[in-house]
$ cat query.tsv   # TSV, C-alpha atoms
chain	number	residue	atom	x	y	z
Y	1	ASP	CA	-6.27	4.10	-35.06
Y	2	PRO	CA	-5.41	2.33	-37.28
Y	3	PRO	CA	-4.16	-0.44	-34.92
Y	4	LYS	CA	-0.39	-0.45	-34.49
Y	5	PHE	CA	0.16	-3.94	-33.15
Y	6	ILE	CA	-2.57	-6.01	-34.86
Y	7	THR	CA	-2.29	-6.15	-38.64
Y	8	TYR	CA	-4.72	-7.34	-41.28
Y	9	ASP	CA	-2.23	-10.02	-42.31
Y	10	ALA	CA	-2.19	-11.49	-38.80
Y	11	LEU	CA	-5.98	-11.43	-38.45
Y	12	ALA	CA	-6.92	-12.68	-41.93
Y	13	GLY	CA	-4.05	-15.06	-42.59
Y	14	HIS	CA	-3.14	-13.41	-45.90
Y	15	THR	CA	-2.05	-10.02	-47.22
Y	16	ALA	CA	-4.59	-7.33	-48.03
Y	17	ASP	CA	-3.74	-7.37	-51.74
Y	18	ASP	CA	-3.89	-11.16	-52.14
Y	19	ILE	CA	-6.38	-12.41	-54.75
Y	20	ILE	CA	-9.24	-14.25	-53.05
Y	21	THR	CA	-11.60	-14.67	-56.02
Y	22	VAL	CA	-11.96	-18.19	-57.42
Y	23	ASP	CA	-14.15	-18.55	-60.51
Y	24	SER	CA	-14.98	-22.22	-59.99
Y	25	PHE	CA	-13.74	-25.53	-58.62
Y	26	LYS	CA	-14.61	-29.18	-59.26
Y	27	THR	CA	-14.32	-30.74	-55.81
Y	28	SER	CA	-14.19	-29.69	-52.17
Y	29	VAL	CA	-14.00	-31.04	-48.63
Y	30	VAL	CA	-14.03	-29.58	-45.11
Y	31	ALA	CA	-11.28	-30.68	-42.71
Y	32	ASN	CA	-9.57	-29.19	-39.66
Y	33	ARG	CA	-11.93	-26.18	-39.70
Y	34	ARG	CA	-10.96	-25.29	-43.25
Y	35	THR	CA	-12.43	-25.79	-46.70
Y	36	TYR	CA	-10.15	-27.37	-49.28
Y	37	ILE	CA	-11.00	-27.05	-52.98
Y	38	GLY	CA	-9.35	-28.71	-55.96
Y	39	ASN	CA	-9.14	-28.32	-59.72
Y	40	VAL	CA	-9.75	-24.57	-59.61
Y	41	GLU	CA	-10.30	-21.80	-62.14
Y	42	ILE	CA	-8.83	-18.35	-61.35
Y	43	ASP	CA	-9.23	-15.35	-63.67
Y	44	GLY	CA	-10.36	-17.65	-66.46
Y	45	VAL	CA	-7.32	-19.94	-66.14
Y	46	VAL	CA	-7.91	-23.56	-65.08
Y	47	HIS	CA	-5.37	-25.03	-62.64
Y	48	SER	CA	-6.47	-28.67	-62.75
Y	49	ASP	CA	-3.81	-29.92	-60.33
Y	50	ARG	CA	-4.03	-27.11	-57.76
Y	51	MET	CA	-5.64	-27.31	-54.32
Y	52	LEU	CA	-6.51	-24.22	-52.25
Y	53	LYS	CA	-7.48	-23.92	-48.59
Y	54	SER	CA	-9.46	-21.32	-46.70
Y	55	PRO	CA	-8.27	-19.63	-43.50
Y	56	PRO	CA	-9.52	-21.31	-40.29
Y	57	ASN	CA	-13.28	-20.81	-39.81
Y	58	GLU	CA	-13.53	-18.75	-43.03
Y	59	PHE	CA	-14.96	-21.46	-45.23
Y	60	ASP	CA	-15.74	-19.34	-48.30
Y	61	LYS	CA	-12.48	-17.39	-48.74
Y	62	PHE	CA	-9.52	-18.78	-50.70
Y	63	PRO	CA	-6.39	-16.62	-50.80
Y	64	VAL	CA	-4.55	-17.71	-53.92
Y	65	GLU	CA	-1.01	-17.11	-52.66
Y	66	ALA	CA	-1.29	-17.93	-48.97
Y	67	GLY	CA	-3.85	-20.70	-49.41
Y	68	HIS	CA	-2.37	-22.96	-52.07
Y	69	VAL	CA	-1.46	-26.54	-51.11
Y	70	ASP	CA	0.75	-28.01	-53.83
Y	71	VAL	CA	1.84	-31.58	-53.15
Y	72	ALA	CA	2.35	-32.68	-56.75
Y	73	ILE	CA	1.92	-30.13	-59.53
Y	74	ASN	CA	2.77	-30.13	-63.23
Y	75	ASP	CA	2.53	-33.92	-63.32
Y	76	GLY	CA	0.10	-33.95	-66.24
Y	77	ASP	CA	-2.70	-35.21	-64.00
Y	78	GLU	CA	-5.82	-33.48	-62.69
Y	79	ILE	CA	-7.59	-33.57	-59.34
Y	80	ILE	CA	-10.84	-35.57	-59.55
Y	81	ALA	CA	-12.08	-35.68	-55.94
Y	82	LEU	CA	-11.14	-34.76	-52.37
Y	83	PHE	CA	-12.16	-36.80	-49.30
Y	84	GLU	CA	-11.36	-36.43	-45.60
Y	85	HIS	CA	-10.70	-39.19	-43.07
Y	86	ALA	CA	-8.74	-39.29	-39.78
Y	87	ASP	CA	-7.15	-35.84	-40.21
Y	88	ARG	CA	-6.04	-36.77	-43.72
Y	89	ILE	CA	-7.17	-35.51	-47.08
Y	90	LEU	CA	-7.28	-38.07	-49.86
Y	91	GLN	CA	-6.52	-36.21	-53.07
Y	92	PHE	CA	-7.59	-38.40	-55.95
Y	93	LYS	CA	-6.13	-37.73	-59.35
Y	94	LYS	CA	-6.81	-39.88	-62.40
Y	95	ASN	CA	-3.69	-42.00	-61.96
Y	96	THR	CA	-2.44	-41.36	-58.44
Y	97	LEU	CA	-3.74	-41.03	-54.88
Y	98	TYR	CA	-2.03	-38.55	-52.56
Y	99	ILE	CA	-2.69	-38.74	-48.81
Y	100	ILE	CA	-2.10	-35.35	-47.17
Y	101	ASN	CA	-1.82	-34.95	-43.41
Y	102	VAL	CA	-3.76	-31.88	-42.21
Y	103	SER	CA	-3.70	-32.54	-38.46
Y	104	GLY	CA	-1.26	-29.71	-37.68
Y	105	GLY	CA	-0.81	-26.12	-38.71
Y	106	ALA	CA	0.79	-27.04	-42.04
Y	107	GLU	CA	-0.12	-29.75	-44.51
Y	108	PHE	CA	2.40	-32.34	-45.66
Y	109	LEU	CA	2.37	-35.26	-48.03
Y	110	GLU	CA	2.14	-38.48	-46.05
Y	111	ALA	CA	1.87	-41.10	-48.81
Y	112	GLU	CA	1.65	-41.48	-52.56
Y	113	TYR	CA	-0.03	-44.42	-54.30
Y	114	LYS	CA	0.54	-44.88	-58.01
Y	115	PHE	CA	-2.22	-46.48	-60.13
Y	116	LYS	CA	-4.80	-45.92	-57.38
Y	117	GLY	CA	-6.49	-42.84	-58.80
Y	118	ILE	CA	-10.09	-42.56	-60.01
Y	119	THR	CA	-11.70	-41.39	-63.24
Y	120	ASN	CA	-14.80	-39.70	-61.83
Y	121	PRO	CA	-16.03	-38.39	-58.43
Y	122	GLY	CA	-18.63	-41.19	-58.16
Y	123	ALA	CA	-15.85	-43.80	-58.06
Y	124	ALA	CA	-15.14	-43.04	-54.37
Y	125	CYS	CA	-17.36	-42.91	-51.28
Y	126	LYS	CA	-17.18	-42.39	-47.52
Y	127	THR	CA	-17.94	-45.23	-45.11
Y	128	ASP	CA	-17.74	-45.62	-41.34
Y	129	TYR	CA	-14.65	-47.77	-41.94
Y	130	GLY	CA	-12.83	-45.25	-44.12
Y	131	ILE	CA	-12.78	-44.10	-47.75
Y	132	ALA	CA	-13.51	-46.71	-50.43
Y	133	TRP	CA	-12.94	-46.39	-54.17
Y	134	VAL	CA	-12.66	-48.38	-57.40
Y	135	ASN	CA	-10.69	-48.25	-60.62
Y	136	GLN	CA	-9.56	-50.61	-63.37
Y	137	ASN	CA	-6.99	-52.21	-61.07
Y	138	GLY	CA	-9.11	-52.99	-58.03
Y	139	CYS	CA	-11.37	-51.91	-55.18
Y	140	TYR	CA	-9.67	-50.24	-52.22
Y	141	ILE	CA	-10.34	-48.88	-48.75
Y	142	TYR	CA	-8.26	-46.49	-46.62
Y	143	ASP	CA	-8.84	-46.88	-42.87
Y	144	GLY	CA	-6.62	-44.04	-41.67
Y	145	LYS	CA	-3.51	-46.22	-41.49
Y	146	GLN	CA	-3.18	-48.15	-44.73
Y	147	VAL	CA	-4.69	-48.83	-48.14
Y	148	SER	CA	-6.11	-52.34	-48.61
Y	149	ASP	CA	-7.18	-53.99	-51.86
Y	150	LEU	CA	-10.55	-55.64	-51.23
Y	151	LEU	CA	-10.11	-57.92	-54.24
Y	152	GLU	CA	-7.24	-59.67	-52.48
Y	153	MET	CA	-7.12	-61.56	-49.21
Y	154	LYS	CA	-4.16	-63.45	-47.73
Y	155	GLY	CA	-2.35	-63.45	-51.05
Y	156	ASN	CA	-5.33	-64.76	-53.03
Y	157	ARG	CA	-7.25	-62.73	-55.60
Y	158	LYS	CA	-11.02	-63.11	-55.22
Y	159	ILE	CA	-11.92	-61.73	-58.67
Y	160	SER	CA	-9.57	-62.12	-61.62
Y	161	LEU	CA	-8.15	-58.94	-63.11
Y	162	SER	CA	-9.58	-59.76	-66.56
Y	163	THR	CA	-13.09	-60.23	-65.11
Y	164	TRP	CA	-12.80	-57.01	-63.12
Y	165	ASN	CA	-11.52	-55.03	-66.14
Y	166	THR	CA	-14.40	-56.24	-68.28
Y	167	PHE	CA	-16.90	-55.30	-65.58
Y	168	ILE	CA	-15.46	-51.82	-64.94
Y	169	GLY	CA	-15.23	-51.09	-68.66
Y	170	THR	CA	-13.36	-48.28	-70.40
Y	171	ALA	CA	-15.95	-45.49	-70.27
Y	172	GLY	CA	-14.70	-44.29	-66.89
Y	173	TYR	CA	-18.13	-43.84	-65.28
Y	174	HIS	CA	-18.13	-46.75	-62.83
Y	175	ARG	CA	-19.18	-45.76	-59.30
Y	176	ILE	CA	-19.38	-47.04	-55.77
Y	177	GLY	CA	-21.84	-46.57	-52.91
Y	178	TYR	CA	-22.07	-47.64	-49.29
Y	179	ASN	CA	-25.06	-49.25	-47.60
Y	180	PRO	CA	-24.48	-48.67	-43.85
Y	181	ALA	CA	-27.39	-50.88	-42.77
Y	182	LYS	CA	-25.68	-53.98	-44.16
Y	183	ARG	CA	-22.07	-52.74	-44.11
Y	184	GLN	CA	-21.88	-53.33	-47.85
Y	185	LEU	CA	-20.17	-51.61	-50.77
Y	186	ILE	CA	-22.04	-51.60	-54.07
Y	187	VAL	CA	-19.92	-51.23	-57.21
Y	188	LYS	CA	-21.90	-50.33	-60.32
Y	189	ALA	CA	-20.61	-51.01	-63.83
Y	190	GLY	CA	-19.49	-48.12	-66.01
Y	191	THR	CA	-22.42	-48.38	-68.40
Y	192	ALA	CA	-26.21	-48.33	-68.18
Y	193	ALA	CA	-26.12	-52.10	-67.62
Y	194	ALA	CA	-27.77	-53.49	-64.48
Y	195	THR	CA	-24.68	-55.42	-63.37
Y	196	ALA	CA	-23.04	-54.75	-60.02
Y	197	TYR	CA	-20.73	-56.28	-57.43
Y	198	VAL	CA	-21.49	-56.18	-53.70
Y	199	PHE	CA	-18.74	-56.43	-51.09
Y	200	ASP	CA	-19.73	-57.35	-47.55
Y	201	ILE	CA	-17.25	-55.70	-45.17
Y	202	THR	CA	-18.27	-57.98	-42.28
Y	203	THR	CA	-17.70	-61.30	-44.07
Y	204	GLY	CA	-15.14	-60.11	-46.64
Y	205	SER	CA	-17.15	-61.72	-49.46
Y	206	TRP	CA	-18.02	-60.56	-52.98
Y	207	THR	CA	-21.35	-61.17	-54.74
Y	208	TYR	CA	-22.11	-60.50	-58.41
Y	209	SER	CA	-25.55	-59.56	-59.70
Y	210	SER	CA	-26.61	-59.31	-63.34
Y	211	ALA	CA	-29.76	-57.36	-62.41
Y	212	MET	CA	-28.86	-55.12	-59.47
Y	213	VAL	CA	-30.22	-51.83	-60.87
Y	214	THR	CA	-32.72	-52.65	-63.59
Y	215	ASP	CA	-34.01	-49.13	-64.28
Y	216	ALA	CA	-31.81	-47.62	-66.99
Y	217	ASP	CA	-32.78	-44.11	-65.81
Y	218	THR	CA	-31.10	-44.64	-62.42
Y	219	ASN	CA	-27.54	-44.34	-63.60
Y	220	SER	CA	-26.19	-41.55	-61.39
Y	221	SER	CA	-23.56	-41.61	-58.66
Y	222	PHE	CA	-24.60	-42.96	-55.26
Y	223	ILE	CA	-25.21	-40.72	-52.25
Y	224	ASN	CA	-26.35	-41.36	-48.67
Y	225	ASP	CA	-29.45	-39.80	-47.16
Y	226	PRO	CA	-28.19	-37.27	-44.58
Y	227	VAL	CA	-31.05	-38.20	-42.23
Y	228	ASP	CA	-30.98	-42.00	-42.00
Y	229	GLY	CA	-27.96	-42.94	-44.13
Y	230	LYS	CA	-30.02	-44.83	-46.72
Y	231	LEU	CA	-28.21	-45.38	-50.01
Y	232	LEU	CA	-29.79	-43.30	-52.79
Y	233	ILE	CA	-29.51	-43.10	-56.56
Y	234	PHE	CA	-31.19	-40.53	-58.80
Y	235	ASP	CA	-34.03	-41.60	-61.10
Y	236	ASP	CA	-33.76	-39.25	-64.07
Y	237	ALA	CA	-37.12	-40.08	-65.65
Y	238	ALA	CA	-39.12	-39.71	-62.43
Y	239	GLU	CA	-36.94	-36.83	-61.20
Y	240	THR	CA	-36.71	-38.37	-57.75
Y	241	PHE	CA	-34.34	-40.44	-55.61
Y	242	ASP	CA	-34.68	-44.21	-55.42
Y	243	LYS	CA	-33.74	-45.93	-52.15
Y	244	TRP	CA	-31.62	-49.04	-52.04
Y	245	ALA	CA	-33.60	-52.19	-51.15
Y	246	ASP	CA	-31.89	-54.99	-49.21
Y	247	THR	CA	-34.21	-57.71	-50.53
Y	248	PRO	CA	-34.82	-58.60	-54.20
Y	249	ALA	CA	-38.05	-57.50	-55.85
Y	250	SER	CA	-38.72	-61.05	-57.14
Y	251	ALA	CA	-37.30	-64.54	-56.76
Y	252	PRO	CA	-33.85	-64.28	-58.38
Y	253	SER	CA	-31.72	-66.84	-60.16
Y	254	ILE	CA	-28.56	-67.48	-58.16
Y	255	ILE	CA	-25.28	-69.35	-58.45
Y	256	ILE	CA	-23.19	-69.89	-55.32
Y	257	THR	CA	-19.92	-71.72	-55.99
Y	258	THR	CA	-17.38	-72.49	-53.31
Y	259	LYS	CA	-13.67	-72.52	-53.94
Y	260	ASP	CA	-11.90	-75.81	-54.61
Y	261	ILE	CA	-11.60	-76.94	-50.97
Y	262	ASP	CA	-8.53	-79.03	-50.10
Y	263	PHE	CA	-9.21	-79.00	-46.32
Y	264	GLY	CA	-5.77	-77.57	-45.62
Y	265	MET	CA	-3.95	-80.65	-46.89
Y	266	PRO	CA	-3.72	-80.47	-50.69
Y	267	GLY	CA	-1.37	-83.45	-51.00
Y	268	LEU	CA	-3.48	-85.96	-49.07
Y	269	LYS	CA	-6.48	-87.92	-50.31
Y	270	LYS	CA	-9.90	-87.68	-48.63
Y	271	ASN	CA	-13.27	-89.38	-48.57
Y	272	VAL	CA	-16.35	-87.10	-48.51
Y	273	TYR	CA	-19.48	-88.60	-46.98
Y	274	LYS	CA	-22.05	-85.82	-46.85
Y	275	VAL	CA	-22.71	-82.09	-46.81
Y	276	ARG	CA	-24.81	-80.41	-44.11
Y	277	ILE	CA	-26.47	-77.12	-45.14
Y	278	THR	CA	-28.34	-74.75	-42.84
Y	279	TYR	CA	-30.67	-72.36	-44.64
Y	280	THR	CA	-34.02	-70.59	-44.68
Y	281	GLY	CA	-36.21	-70.96	-47.75
Y	282	GLY	CA	-39.41	-69.33	-48.89
Y	283	THR	CA	-41.84	-69.01	-51.77
Y	284	SER	CA	-40.41	-70.17	-55.13
Y	285	GLN	CA	-37.34	-71.68	-53.44
Y	286	ASN	CA	-35.86	-74.30	-55.77
Y	287	CYS	CA	-32.06	-74.62	-55.79
Y	288	ASP	CA	-30.01	-77.61	-56.96
Y	289	VAL	CA	-26.92	-78.75	-55.08
Y	290	THR	CA	-24.08	-80.23	-57.15
Y	291	TYR	CA	-20.42	-81.06	-56.58
Y	292	ALA	CA	-17.12	-81.39	-58.43
Y	293	VAL	CA	-13.82	-82.97	-57.39
Y	294	ASP	CA	-10.13	-82.29	-57.95
Y	295	GLY	CA	-10.73	-79.01	-59.77
Y	296	SER	CA	-12.46	-80.74	-62.70
Y	297	GLY	CA	-15.22	-78.12	-63.04
Y	298	SER	CA	-17.59	-80.96	-63.96
Y	299	PHE	CA	-20.47	-80.95	-61.46
Y	300	SER	CA	-22.57	-83.98	-60.49
Y	301	ALA	CA	-25.89	-84.19	-58.66
Y	302	MET	CA	-26.34	-84.61	-54.92
Y	303	SER	CA	-29.08	-86.63	-53.21
Y	304	ALA	CA	-31.25	-83.60	-52.26
Y	305	ASP	CA	-31.87	-79.97	-53.13
Y	306	LEU	CA	-32.70	-76.73	-51.28
Y	307	ASN	CA	-36.38	-76.48	-52.15
Y	308	TYR	CA	-38.03	-75.81	-48.80
Y	309	THR	CA	-40.79	-73.27	-49.54
Y	310	THR	CA	-41.82	-72.24	-46.02
Y	311	ASN	CA	-39.78	-69.41	-44.56
Y	312	THR	CA	-40.94	-69.62	-40.94
Y	313	THR	CA	-38.20	-71.92	-39.67
Y	314	GLN	CA	-34.55	-72.59	-40.40
Y	315	GLN	CA	-33.79	-75.91	-42.07
Y	316	ILE	CA	-30.85	-78.27	-41.61
Y	317	VAL	CA	-30.49	-80.75	-44.45
Y	318	ASP	CA	-27.93	-83.55	-44.88
Y	319	ILE	CA	-27.09	-84.19	-48.53
Y	320	THR	CA	-24.98	-87.05	-49.80
Y	321	PRO	CA	-23.23	-87.27	-53.19
Y	322	SER	CA	-25.02	-89.29	-55.85
Y	323	SER	CA	-22.03	-91.62	-56.03
Y	324	SER	CA	-19.12	-92.48	-53.77
Y	325	VAL	CA	-16.57	-89.68	-53.38
Y	326	THR	CA	-13.32	-91.35	-52.36
Y	327	ASP	CA	-9.62	-90.81	-52.88
Y	328	ILE	CA	-10.04	-87.17	-53.87
Y	329	LYS	CA	-7.74	-84.23	-53.11
Y	330	SER	CA	-10.28	-81.37	-53.33
Y	331	PHE	CA	-14.02	-80.86	-53.26
Y	332	GLN	CA	-16.17	-78.06	-54.70
Y	333	LEU	CA	-19.85	-77.30	-54.10
Y	334	LYS	CA	-22.35	-75.35	-56.20
Y	335	ILE	CA	-25.87	-74.16	-55.30
Y	336	SER	CA	-27.88	-72.89	-58.28
Y	337	GLY	CA	-31.46	-72.27	-59.29
Y	338	THR	CA	-34.28	-70.00	-58.12
Y	339	ALA	CA	-33.95	-68.52	-54.63
Y	340	ALA	CA	-36.78	-67.12	-52.56
Y	341	THR	CA	-36.65	-63.43	-51.73
Y	342	THR	CA	-36.26	-64.54	-48.10
Y	343	PHE	CA	-33.53	-67.09	-48.83
Y	344	GLU	CA	-30.67	-67.14	-46.31
Y	345	LEU	CA	-27.70	-69.48	-46.48
Y	346	ASN	CA	-26.36	-69.75	-42.95
Y	347	ASP	CA	-23.80	-72.54	-42.90
Y	348	ILE	CA	-22.19	-75.29	-45.00
Y	349	SER	CA	-20.39	-78.18	-43.29
Y	350	ILE	CA	-18.59	-80.96	-45.17
Y	351	ILE	CA	-18.21	-84.29	-43.40
Y	352	TYR	CA	-15.05	-86.04	-44.62
Y	353	ARG	CA	-12.17	-88.27	-43.55
Y	354	MET	CA	-8.51	-87.64	-44.27
Y	355	LYS	CA	-6.58	-90.65	-45.54
Y	356	GLY	CA	-3.01	-91.22	-44.40
Y	357	ALA	CA	-0.05	-90.84	-46.70
Y	358	ARG	CA	1.52	-94.03	-48.03

$ encode --input "query.tsv" --output "structure tokens"
Amino acid sequence: DPPKFITYDALAGHTADDIITVDSFKTSVVANRRTYIGNVEIDGVVHSDRMLKSPPNEFDKFPVEAGHVDVAINDGDEIIALFEHADRILQFKKNTLYIINVSGGAEFLEAEYKFKGITNPGAACKTDYGIAWVNQNGCYIYDGKQVSDLLEMKGNRKISLSTWNTFIGTAGYHRIGYNPAKRQLIVKAGTAAATAYVFDITTGSWTYSSAMVTDADTNSSFINDPVDGKLLIFDDAAETFDKWADTPASAPSIIITTKDIDFGMPGLKKNVYKVRITYTGGTSQNCDVTYAVDGSGSFSAMSADLNYTTNTTQQIVDITPSSSVTDIKSFQLKISGTAATTFELNDISIIYRMKGAR
């Protein structure tokens, strides 16, 4: 007494005179039985690019010397948020994403992604597929193996960069949330506007809404209810949380436009005879169906619309063009008008014949 073979350093993981007082920090995450904190203030000095870790199972102690994890310091950038997934910590700075492997006894930098940082903590969220986030350049998800841009698929960009930049804005307060019930990501614009994009992870499709969040007081970051996973947003005026609703509050105006479909043979001419649409309608259902050819962007009427107002059964309707559609190379379809709150579009089939090359 005192012990001769067991020292304080060995038990605590740091020396007895090491500073363990941290004034404040801006972000934290728990991984591998440790707490990691970033953008810290120590003795009144802010270290915006520093990350500290606690000893194992001591989640509230941060030795400054033994616990620092510096993967990229003095780069003029600050840590915005920390997330954990698959034994990795995603360290988001404003301009760069660093992926740090924490599976072993020592951390090491596994990957660095330029131009994939975030401007605010609400611009990233956790899903059961991985970590998703947004910035001016795109919308991304990390699944534990790679980073994928959700705005691109098979070499094609689903939303133009100019449209995305305008939507995100320059204020830096755009945010993203995850609705686990529908496997959907909701990206809110960076202003008090009601606009939002929804990405369906199952189908890989994007949907734009001009009136997604109509209450100007609900402009906070998204969170998930720890009990049932419901997506929540804070209502400042009512001082309560609003839950995300999967169905619209009233019959919305919609526009569904397909891509310019060339049926896999862009150089050959085709004849289009009819379009078969499977859908469920409902009260106030009244949508027009129009078409355009060869990328003209000029839409003409079809022989019928989607105006079935009873939502008890699914409908299959065959619609023919108002005039003959022959010798075309591509075909585009648009559904627009007022949709019922119960409207579901299940399938679109185009009946056509390919003409031989001459």

$ atom_distance --input "query.tsv" --atom1 "atom CA of Y:Ile261" --atom2 "atom CA of Y:Phe199"
21.7 Å

$ closest_atom_pairs --input "query.tsv" --of "stretch 86-195 of chain Y" --to "stretch 61-76 of chain Y" --cutoff "9 Å" --atoms "only C-alpha atoms" --output "Markdown table"
| residue | atom | partner | partner_atom | distance |
| --- | --- | --- | --- | --- |
| Y:Tyr98 | CA | Y:Val71 | CA | 8.0 |
| Y:Ile100 | CA | Y:Val71 | CA | 8.1 |
| Y:Glu107 | CA | Y:Val69 | CA | 7.5 |
| Y:Phe108 | CA | Y:Val71 | CA | 7.5 |
| Y:Leu109 | CA | Y:Val71 | CA | 6.3 |

$ atom_distance --input "query.tsv" --atom1 "atom CA of Y:Met153" --atom2 "atom CA of Y:Asn165"
18.7 Å

$ closest_residue --input "query.tsv" --among "Y:Ala237, Y:Ala86, Y:Ile118, Y:Ile223" --to "Y:Asn101" --atoms "all atoms listed in the file"
Y:Ala86

$ closest_residue --input "query.tsv" --among "Y:Thr127, Y:Asn95, Y:Ser24, Y:Thr163" --to "Y:Gly229" --atoms "only C-alpha atoms"
Y:Thr127

$ residues_around --input "query.tsv" --residues "Y:Ser298" --least-positions-apart "3" --cutoff "12 Å" --atoms "all atoms listed in the file" --output "PyMOL selection string"
chain Y and resi 290-295+301+331-334

$ residues_around --input "query.tsv" --residues "Y:Gly130" --least-positions-apart "3" --cutoff "7 Å" --atoms "only C-alpha atoms" --output "list in words"
His85, Lys126, Thr127, Ile141, Tyr142, Asp143 and Gly144 of chain Y

$ atom_distance --input "query.tsv" --atom1 "atom CA of Y:Leu185" --atom2 "atom CA of Y:Lys26"
24.6 Å

$ axis_aligned_box --input "query.tsv" --around "stretch 94-113 of chain Y" --padding-each-side "5 Å" --output "JSON"
{"center_x": -2.2, "center_y": -35.3, "center_z": -50.0, "size_x": 19.2, "size_y": 28.3, "size_z": 34.7}
